[in-house]
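Before any comments, here is the structure.
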Amino acid sequence: MMSPAKRKPTAIVQSKQLLVEGNDDKYFFEALLKHMGISGIQIKVAEGADNLRLFVEMLTIDANFHTVTSLGIVRDADENAASKFQSVCDALRNANLPVPREQIRPTGDRPQVSVLILPDTTSPGTLETLCLRTVSEDPVMSCIEEYSIYHKDEVQ
């Protein structure tokens, strides 16, 4: 199997592009966009944060990149949201793309570029952290937590 860094991104077929870290992120955003009734956005997977810089660069050399009007990049904060935002900005700069000064606020034109670091632009964590926060007050969560404590060796 070819390493992700050497794999060419899928061809550009939509003018709006959303770049995410992994397949779980892709599935989440596909479901979210479908639920919201939004279409016309192509979601591409960088196959890991370590591949982001090369993936963005490869995206810009696609024969259809000139058709891209919007590029969104979503990345997990993991331990440090500021450093992850900076790494995305570095990847954009390296590819000669517009570099936003802050998250969520689009910058540039053709393509307009925006960046979102999850779970909330400043906190450590991931997309999964955000999802868990949204259901943290749900009464069922105590059952899930209790189950995971007693079955931690089985849940992987």
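Following the order of the structure tokens, first chain is A, next is B, and so on, with residues numbered from 1 inside each chain and ligands from 1 in the order they appear.
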Which of segment 3-131 of chain A end up as helix (DSSP H, G or I) when DSSP is run on this backbone - answer as number ranges by chain? A: 4-6, 23-36, 49-60, 65-67, 81-94, 127-131
If we count only C-alpha atoms, what is near Ala77 of chain A at a cut-off of 9 Å, once residues fewer than 6 positions away on the same chain are taken out, given as a PyMOL selection string? chain A and resi 83-85+117-127
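Take atom CA of Gly22 of chain A and atom CA of Tyr150 of chain A: the distance between them is 29.4 Å.
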Residue list (strand (DSSP E), DSSP) for segment 31-154 of chain A, as number ranges by chain: A: 41-45, 70-76, 112-118
Output of the above residues as a PDB file, in the first residue's frame, restricted to C-alpha atoms:
ATOM      1  CA  ILE A  41     -18.850  20.572  -1.050  1.00  0.00           C
ATOM      2  CA  GLN A  42     -16.157  18.017  -1.770  1.00  0.00           C
ATOM      3  CA  ILE A  43     -14.512  16.601   1.333  1.00  0.00           C
ATOM      4  CA  LYS A  44     -10.915  15.484   1.003  1.00  0.00           C
ATOM      5  CA  VAL A  45      -8.939  13.473   3.545  1.00  0.00           C
ATOM      6  CA  SER A  70     -13.587  28.076  -1.251  1.00  0.00           C
ATOM      7  CA  LEU A  71     -11.172  25.978   0.772  1.00  0.00           C
ATOM      8  CA  GLY A  72     -11.902  25.059   4.363  1.00  0.00           C
ATOM      9  CA  ILE A  73      -9.440  23.167   6.523  1.00  0.00           C
ATOM     10  CA  VAL A  74     -10.496  21.444   9.738  1.00  0.00           C
ATOM     11  CA  ARG A  75      -7.896  20.078  12.122  1.00  0.00           C
ATOM     12  CA  ASP A  76      -7.885  18.728  15.678  1.00  0.00           C
ATOM     13  CA  GLN A 112     -11.412  32.025  -0.112  1.00  0.00           C
ATOM     14  CA  VAL A 113      -9.687  30.138   2.717  1.00  0.00           C
ATOM     15  CA  SER A 114     -10.826  29.439   6.266  1.00  0.00           C
ATOM     16  CA  VAL A 115      -9.458  27.274   9.056  1.00  0.00           C
ATOM     17  CA  LEU A 116     -11.183  25.675  12.030  1.00  0.00           C
ATOM     18  CA  ILE A 117      -9.322  23.968  14.854  1.00  0.00           C
ATOM     19  CA  LEU A 118     -11.543  21.652  16.887  1.00  0.00           C
TER      20      LEU A 118
END
From A:Glu128, A:Val56, A:Ala81, A:Leu32, residue lying nearest Arg93 of chain A [only C-alpha atoms]: A:Val56
Which neighbours of Leu97 of chain A fall inside 10 Å, counting only C-alpha atoms, when residues of the same chain fewer than 2 positions from it are skipped, and could you give them as a CSV table (one decimal) with C-alpha atoms, in the first residue's frame?
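Wrote it out as result39.csv, contents follow:
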chain,number,residue,atom,x,y,z
A,56,VAL,CA,-2.4,21.2,0.5
A,57,GLU,CA,0.6,21.6,-1.9
A,60,THR,CA,-2.9,23.3,-5.6
A,71,LEU,CA,-11.2,26.0,0.8
A,89,CYS,CA,-1.2,28.6,8.2
A,90,ASP,CA,2.4,27.4,7.4
A,91,ALA,CA,1.0,24.8,5.0
A,92,LEU,CA,-1.2,27.4,3.3
A,93,ARG,CA,1.8,29.9,3.1
A,94,ASN,CA,4.0,27.1,1.7
A,95,ALA,CA,1.4,26.5,-1.1
A,99,VAL,CA,-3.4,32.7,5.1
A,100,PRO,CA,-6.2,33.7,7.6
A,107,THR,CA,-9.6,35.4,3.8
A,108,GLY,CA,-8.6,35.8,0.2
A,109,ASP,CA,-10.5,35.3,-3.0
A,110,ARG,CA,-10.5,32.4,-5.4
A,111,PRO,CA,-10.0,30.6,-3.2
A,112,GLN,CA,-11.4,32.0,-0.1
A,113,VAL,CA,-9.7,30.1,2.7
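Between atom CA of Asn23 of chain A and atom CA of Gly48 of chain A lies a distance of 9.3 Å.
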From A:Ile12, A:Glu21, A:Lys34, A:Ser87, residue lying nearest Leu59 of chain A [only C-alpha atoms]: A:Ile12
